[in-house]
>>> print(open('data-v9.csv').read())   # CSV, C-alpha atoms
chain,number,residue,atom,x,y,z
A,30,MET,CA,-94.2,-9.0,29.2
A,31,PRO,CA,-91.1,-7.0,30.4
A,32,HIS,CA,-88.5,-6.2,27.8
A,33,LEU,CA,-84.8,-5.7,28.2
A,34,PHE,CA,-83.7,-2.2,27.4
A,35,PRO,CA,-82.3,-1.7,24.9
A,36,SER,CA,-83.5,-4.6,22.8
A,37,GLU,CA,-85.4,-5.2,19.6
A,38,SER,CA,-88.3,-6.6,21.5
A,39,TRP,CA,-88.5,-3.3,23.5
A,40,LEU,CA,-88.4,-1.4,20.2
A,41,LYS,CA,-91.2,-3.4,18.7
A,42,ALA,CA,-93.2,-3.1,21.9
A,43,LEU,CA,-92.8,0.7,21.8
A,44,GLU,CA,-93.9,0.7,18.2
A,45,ALA,CA,-97.0,-1.2,19.2
A,46,ALA,CA,-97.7,1.0,22.2
A,47,LEU,CA,-97.5,4.2,20.0
A,48,ASN,CA,-99.7,2.7,17.3
A,49,GLY,CA,-102.3,1.4,19.8
A,50,ASP,CA,-102.7,4.6,21.7
A,51,ALA,CA,-105.6,6.8,20.8
A,52,ARG,CA,-104.4,9.7,22.9
A,53,TYR,CA,-101.0,9.7,21.2
A,54,ALA,CA,-102.7,9.5,17.8
A,55,GLU,CA,-104.7,12.6,18.7
A,56,VAL,CA,-101.9,14.6,20.4
A,57,ALA,CA,-99.4,13.8,17.7
A,58,ARG,CA,-101.8,14.2,14.7
A,59,ASN,CA,-99.7,17.1,13.3
A,60,TRP,CA,-96.2,15.7,14.2
A,61,GLU,CA,-93.9,15.2,11.3
A,62,GLY,CA,-90.5,14.1,12.5
A,63,ASP,CA,-88.6,10.8,12.4
A,64,LEU,CA,-85.9,10.3,15.1
A,65,LEU,CA,-82.9,8.3,15.9
A,66,PHE,CA,-82.7,6.9,19.4
A,67,VAL,CA,-79.0,6.5,20.2
A,68,VAL,CA,-78.0,4.5,23.3
A,69,GLU,CA,-74.3,4.9,23.7
A,70,GLY,CA,-71.9,2.2,24.7
A,71,GLU,CA,-74.2,-0.8,24.7
A,72,ARG,CA,-74.1,-4.3,23.3
A,73,GLU,CA,-70.5,-5.4,23.0
A,74,GLU,CA,-71.4,-7.7,20.2
A,75,ASN,CA,-72.2,-4.8,17.9
A,76,ALA,CA,-69.8,-3.6,15.3
A,77,GLY,CA,-68.0,-0.4,16.2
A,78,ASP,CA,-68.4,1.1,19.7
A,79,GLY,CA,-71.4,-0.9,20.8
A,80,THR,CA,-73.8,2.0,20.3
A,81,VAL,CA,-77.4,1.0,19.9
A,82,ILE,CA,-79.3,2.9,17.2
A,83,TYR,CA,-83.0,2.8,16.8
A,84,TYR,CA,-84.9,4.6,14.0
A,85,LEU,CA,-88.5,5.6,14.6
A,86,ASP,CA,-90.5,7.1,11.8
A,87,LEU,CA,-93.1,9.2,13.6
A,88,TRP,CA,-95.7,10.7,11.3
A,89,HIS,CA,-99.1,12.2,12.2
A,90,GLY,CA,-99.7,10.2,15.3
A,91,ASN,CA,-98.4,6.9,13.9
A,92,CYS,CA,-95.1,5.1,14.1
A,93,ARG,CA,-94.7,4.0,10.5
A,94,GLN,CA,-91.4,2.2,11.1
A,95,ALA,CA,-89.2,1.1,14.0
A,96,VAL,CA,-85.9,-0.3,12.9
A,97,ASP,CA,-82.8,-1.4,14.7
A,98,TYR,CA,-79.8,0.0,12.9
A,99,SER,CA,-77.3,-1.0,15.5
A,100,SER,CA,-75.7,-3.7,13.4
A,101,ALA,CA,-76.4,-2.2,10.0
A,102,SER,CA,-73.4,-1.5,7.9
A,103,GLY,CA,-75.1,0.9,5.5
A,104,GLU,CA,-75.8,4.6,6.0
A,105,LEU,CA,-78.2,5.6,8.7
A,106,PRO,CA,-81.4,7.4,7.7
A,107,LYS,CA,-81.2,11.2,8.0
A,108,ALA,CA,-83.7,11.7,10.8
A,109,THR,CA,-85.2,15.0,11.8
A,110,PHE,CA,-84.1,14.5,15.4
A,111,SER,CA,-81.6,12.4,17.3
A,112,LEU,CA,-81.9,11.7,21.0
A,113,ARG,CA,-78.6,10.5,22.4
A,114,SER,CA,-77.7,9.3,25.9
A,115,ASN,CA,-76.4,6.3,27.8
A,116,ARG,CA,-78.6,3.5,29.0
A,117,ALA,CA,-78.9,4.7,32.6
A,118,GLN,CA,-80.3,8.1,31.6
A,119,PHE,CA,-82.7,6.6,29.1
A,120,LEU,CA,-83.8,4.2,31.8
A,121,GLY,CA,-84.4,7.1,34.1
A,122,ILE,CA,-86.7,8.7,31.6
A,123,LEU,CA,-88.5,5.5,30.7
A,124,THR,CA,-89.1,4.6,34.4
A,125,GLY,CA,-90.3,8.0,35.3
A,126,GLU,CA,-87.4,8.9,37.6
A,127,LEU,CA,-86.1,11.6,35.3
A,128,ASP,CA,-88.3,14.2,33.7
A,129,PRO,CA,-87.7,14.4,29.9
A,130,VAL,CA,-87.5,18.2,29.8
A,131,GLN,CA,-85.1,18.2,32.8
A,132,ALA,CA,-83.0,15.6,30.9
A,133,MET,CA,-82.8,18.0,27.9
A,134,LEU,CA,-82.1,21.1,30.0
A,135,THR,CA,-79.3,19.3,31.9
A,136,ARG,CA,-77.9,17.7,28.7
A,137,ARG,CA,-78.4,14.3,30.2
A,138,LEU,CA,-80.3,13.7,27.0
A,139,ARG,CA,-78.7,15.3,24.0
A,140,VAL,CA,-81.0,16.5,21.3
A,141,GLU,CA,-79.9,17.2,17.7
A,142,GLY,CA,-82.4,18.7,15.4
A,143,ASN,CA,-84.7,21.7,15.4
A,144,LEU,CA,-85.3,22.3,19.1
A,145,ALA,CA,-87.8,25.0,18.4
A,146,TYR,CA,-90.0,22.5,16.7
A,147,MET,CA,-89.7,20.1,19.6
A,148,LEU,CA,-90.4,22.8,22.2
A,149,ARG,CA,-93.4,24.1,20.3
A,150,ASN,CA,-94.7,20.5,20.2
A,151,VAL,CA,-93.7,19.6,23.7
A,152,PRO,CA,-97.1,18.0,24.4
A,153,VAL,CA,-96.3,15.5,21.7
A,154,VAL,CA,-92.9,14.8,23.1
A,155,LEU,CA,-94.3,14.3,26.6
A,156,ASP,CA,-97.0,12.0,25.3
A,157,PHE,CA,-94.4,10.0,23.4
A,158,VAL,CA,-92.6,9.5,26.7
A,159,ARG,CA,-95.9,8.5,28.4
A,160,CYS,CA,-96.4,5.8,25.7
A,161,ALA,CA,-92.8,4.7,26.1
A,162,ARG,CA,-93.3,4.4,29.9
A,163,GLN,CA,-96.1,1.9,29.3
A,164,VAL,CA,-93.6,-0.6,27.8
A,165,PRO,CA,-92.6,-2.7,30.8
A,166,ILE,CA,-88.8,-3.0,31.2
A,167,ALA,CA,-87.1,-6.1,32.6
A,168,GLU,CA,-84.7,-5.5,35.5
B,20,MET,CA,-89.7,37.7,49.9
B,21,PRO,CA,-92.5,38.7,47.6
B,22,ARG,CA,-93.3,36.2,44.8
B,23,TYR,CA,-94.1,37.2,41.2
B,24,LEU,CA,-95.3,35.5,38.1
B,25,VAL,CA,-93.7,36.9,35.0
B,26,PHE,CA,-95.6,36.3,31.7
B,27,HIS,CA,-93.5,36.3,28.5
B,28,LYS,CA,-94.7,36.0,24.9
B,29,ALA,CA,-92.1,33.8,23.2
B,30,HIS,CA,-91.7,35.2,19.7
B,31,LYS,CA,-88.7,33.0,19.1
B,32,VAL,CA,-87.7,29.7,20.5
B,33,PHE,CA,-84.1,28.4,20.7
B,34,ASP,CA,-83.1,26.4,17.6
B,35,THR,CA,-80.6,24.2,19.4
B,36,GLN,CA,-80.3,22.5,22.7
B,37,ASP,CA,-76.9,24.2,23.4
B,38,SER,CA,-78.2,27.7,22.8
B,39,TRP,CA,-81.2,27.1,25.0
B,40,VAL,CA,-79.2,25.6,27.9
B,41,GLU,CA,-76.5,28.2,27.7
B,42,ASP,CA,-78.9,31.1,27.6
B,43,TRP,CA,-81.0,29.8,30.5
B,44,LYS,CA,-77.8,29.1,32.6
B,45,GLY,CA,-76.9,32.7,31.9
B,46,LEU,CA,-80.2,33.9,33.2
B,47,ARG,CA,-80.0,31.6,36.2
B,48,ASP,CA,-76.5,33.1,37.0
B,49,ARG,CA,-77.9,36.6,36.7
B,50,ALA,CA,-80.9,35.9,38.9
B,51,THR,CA,-79.6,33.8,41.9
B,52,GLY,CA,-81.2,36.0,44.6
B,53,GLU,CA,-77.7,36.7,45.9
B,54,GLY,CA,-77.5,39.9,48.0
B,55,GLY,CA,-81.3,40.0,48.3
B,56,GLY,CA,-81.8,40.5,44.5
B,57,PRO,CA,-84.3,38.8,42.3
B,58,GLN,CA,-84.3,35.0,42.0
B,59,TRP,CA,-85.7,33.0,39.1
B,60,MET,CA,-87.3,30.0,40.6
B,61,ARG,CA,-89.1,28.0,37.9
B,62,SER,CA,-90.9,28.3,34.6
B,63,TRP,CA,-93.7,26.8,32.6
B,64,PHE,CA,-93.9,26.9,28.9
B,65,ALA,CA,-97.4,26.9,27.2
B,66,PRO,CA,-96.7,26.1,23.6
B,67,SER,CA,-100.3,26.5,22.5
B,68,ASP,CA,-100.0,30.2,23.2
B,69,SER,CA,-96.2,30.6,23.0
B,70,GLU,CA,-96.3,31.8,26.5
B,71,LEU,CA,-93.6,31.4,29.1
B,72,ILE,CA,-94.7,31.8,32.7
B,73,CYS,CA,-91.9,32.2,35.3
B,74,GLN,CA,-92.0,32.3,39.1
B,75,TRP,CA,-89.7,34.8,40.7
B,76,GLU,CA,-88.9,36.0,44.2
B,77,ALA,CA,-87.7,39.6,44.4
B,78,PRO,CA,-87.8,42.5,46.8
B,79,ASP,CA,-90.0,44.3,44.2
B,80,ALA,CA,-91.0,43.8,40.6
B,81,SER,CA,-88.8,46.5,39.1
B,82,GLY,CA,-85.5,44.5,39.4
B,83,ILE,CA,-86.8,41.5,37.5
B,84,PRO,CA,-86.6,42.9,33.9
B,85,ARG,CA,-83.0,44.0,34.6
B,86,CYS,CA,-81.9,40.3,34.9
B,87,PHE,CA,-82.6,39.8,31.2
B,88,THR,CA,-80.4,40.6,28.2
B,89,GLN,CA,-81.8,42.7,25.4
B,90,GLU,CA,-81.8,39.6,23.2
B,91,GLU,CA,-83.8,37.6,25.7
B,92,LEU,CA,-86.3,40.4,26.0
B,93,GLN,CA,-86.6,40.6,22.2
B,94,MET,CA,-87.1,36.8,22.0
B,95,ALA,CA,-89.6,36.6,24.8
B,96,PRO,CA,-90.8,40.1,25.9
B,97,ILE,CA,-92.4,40.5,29.3
B,98,VAL,CA,-96.1,40.9,28.8
B,99,ARG,CA,-97.0,41.4,32.5
B,100,VAL,CA,-95.7,40.9,36.0
B,101,GLN,CA,-98.1,40.0,38.8
B,102,GLU,CA,-97.4,39.7,42.5
B,103,VAL,CA,-98.9,36.4,43.7
B,104,ALA,CA,-99.4,34.4,46.9
B,105,PHE,CA,-98.3,30.8,47.0
B,106,LEU,CA,-100.8,28.1,48.0
B,107,ASP,CA,-99.9,24.4,48.2
B,108,ALA,CA,-102.5,21.7,47.9
B,109,SER,CA,-100.4,19.5,50.2
B,110,TRP,CA,-101.1,22.0,53.1
B,111,LEU,CA,-104.7,20.7,53.1
B,112,VAL,CA,-103.7,17.0,53.7
>>> encode(input="data-v9.csv", output="structure tokens")
Amino acid sequence: MPHLFPSESWLKALEAALNGDARYAEVARNWEGDLLFVVEGEREENAGDGTVIYYLDLWHGNCRQAVDYSSASGELPKATFSLRSNRAQFLGILTGELDPVQAMLTRRLRVEGNLAYMLRNVPVVLDFVRCARQVPIAE
Amino acid sequence: MPRYLVFHKAHKVFDTQDSWVEDWKGLRDRATGEGGGPQWMRSWFAPSDSELICQWEAPDASGIPRCFTQEELQMAPIVRVQEVAFLDASWLV
């Protein structure tokens, strides 16, 4: 079933895709890094500026938690990485129109966190994107 | 223009996105091929071996290392430069 992006149903589908993927489990078996997925300027009904914030706890090939923090009033988790962009750029990556490394190198996707760790583990990053691309997105 | 593959050993990787982007933009600006000089075309990073493999076009191999800063050559020294021929699988369709 296609999911709106961003939406909590998309987030849960991504969590299921990651946890159900044997290849991701193998490729990411050594990965230790949670991340915040920040989609800027979305969802007018949210408090603040409408930014959507998803937290993904990625640990040794599993997604231990996928939580929507967009409407949360408390403190955000201190994640190892944050990936920040607008909806159009995220959609480009998720639909395969935009290469994720190109998005980073052109700053269309802004990365906060230890880039060296991410680049040394770029197969994990690319396999994460492969799994995310398996989640169908509604037009 | 002759084509080269330049193999680097990446001893250090950039810690931040900004430092990576700014450094690579600097290299691109130093290696545009303007005036018939060396031009950096594209790169592949092999994290399993910390190897960076870059495709260049240049009149000869000697000008390629001069496009790099000392800091870049310390971070990712050039291990070897090989002149190569380009072959595209699509030519066979």
>>> closest_atom_pairs(input="data-v9.csv", of="chain A", to="chain B", cutoff="12 Å", atoms="only C-alpha atoms", output="tab-separated table")
residue	atom	partner	partner_atom	distance
A:Phe110	CA	B:Thr35	CA	11.1
A:Ser111	CA	B:Gln36	CA	11.5
A:Leu112	CA	B:Gln36	CA	11.0
A:Val130	CA	B:Phe64	CA	10.8
A:Gln131	CA	B:Val40	CA	10.7
A:Ala132	CA	B:Gln36	CA	11.1
A:Met133	CA	B:Gln36	CA	7.3
A:Leu134	CA	B:Val40	CA	5.8
A:Thr135	CA	B:Val40	CA	7.5
A:Arg136	CA	B:Val40	CA	8.0
A:Arg137	CA	B:Gln36	CA	11.3
A:Leu138	CA	B:Gln36	CA	9.8
A:Arg139	CA	B:Gln36	CA	7.5
A:Val140	CA	B:Gln36	CA	6.2
A:Glu141	CA	B:Thr35	CA	7.2
A:Gly142	CA	B:Thr35	CA	7.0
A:Asn143	CA	B:Asp34	CA	5.4
A:Leu144	CA	B:Asp34	CA	4.9
A:Ala145	CA	B:Asp34	CA	5.0
A:Tyr146	CA	B:Asp34	CA	8.0
A:Met147	CA	B:Asp34	CA	9.3
A:Leu148	CA	B:Pro66	CA	7.2
A:Arg149	CA	B:Pro66	CA	5.1
A:Asn150	CA	B:Pro66	CA	6.8
A:Val151	CA	B:Pro66	CA	7.2
A:Pro152	CA	B:Pro66	CA	8.1
A:Val153	CA	B:Pro66	CA	10.8
A:Val154	CA	B:Pro66	CA	11.9
>>> residues_around(input="data-v9.csv", residues="range 49-51 of chain B", least_positions_apart="5", cutoff="9 Å", atoms="only C-alpha atoms", output="list of chain:residue names")
B:Lys44, B:Gly56, B:Pro57, B:Gln58, B:Trp59, B:Met60, B:Ile83, B:Cys86, B:Phe87
>>> residues_around(input="data-v9.csv", residues="Ala29 in chain B", least_positions_apart="6", cutoff="7 Å", atoms="only C-alpha atoms", output="ChimeraX atom specification")
/B:69-71,94-96
>>> residues_around(input="data-v9.csv", residues="range 104-110 of chain B", least_positions_apart="3", cutoff="9 Å", atoms="all atoms listed in the file", output="number ranges by chain")
B: 21-23
>>> atom_distance(input="data-v9.csv", atom1="CA of Gly90 in chain A", atom2="CA of Thr109 in chain A")
15.7 Å
>>> closest_residue(input="data-v9.csv", among="B:Thr88, B:Gly54, B:Leu111, B:Glu102", to="Trp75 in chain B", atoms="only C-alpha atoms")
B:Glu102
>>> closest_residue(input="data-v9.csv", among="A:Tyr53, A:Phe119, A:Trp88, A:Phe157", to="Phe66 in chain A", atoms="all atoms listed in the file")
A:Phe119
>>> atom_distance(input="data-v9.csv", atom1="CA of Met20 in chain B", atom2="CA of Glu91 in chain B")
24.9 Å
>>> atom_distance(input="data-v9.csv", atom1="CA of Gln94 in chain A", atom2="CA of Pro165 in chain A")
20.3 Å
>>> closest_residue(input="data-v9.csv", among="A:Val56, A:Leu65, A:Ser99, A:Ala51", to="Thr80 in chain A", atoms="only C-alpha atoms")
A:Ser99
>>> closest_residue(input="data-v9.csv", among="A:Arg116, A:Ser36, A:Gly49, A:Cys160", to="Tyr98 in chain A", atoms="all atoms listed in the file")
A:Ser36
>>> residues_around(input="data-v9.csv", residues="Ala42 in chain A", least_positions_apart="2", cutoff="12 Å", atoms="all atoms listed in the file", output="ChimeraX atom specification")
/A:30-40,44-49,92,95-96,160-166
>>> closest_residue(input="data-v9.csv", among="A:Ala167, A:Asp128, A:Leu85, A:Arg58", to="Pro106 in chain A", atoms="only C-alpha atoms")
A:Leu85
>>> residues_around(input="data-v9.csv", residues="Ala108 in chain A", least_positions_apart="5", cutoff="8 Å", atoms="all atoms listed in the file", output="list in words")
Gly62, Asp63, Leu64, Leu65 and Tyr84 of chain A
>>> write_last_selection(input="data-v9.csv", atoms="C-alpha atoms", output="tab-separated table (two decimals), in the coordinates of the input")
chain	number	residue	atom	x	y	z
A	62	GLY	CA	-90.50	14.10	12.50
A	63	ASP	CA	-88.60	10.80	12.40
A	64	LEU	CA	-85.90	10.30	15.10
A	65	LEU	CA	-82.90	8.30	15.90
A	84	TYR	CA	-84.90	4.60	14.00
>>> closest_residue(input="data-v9.csv", among="A:Gly121, A:Leu43, A:Arg159, A:Asp50", to="Tyr83 in chain A", atoms="all atoms listed in the file")
A:Leu43
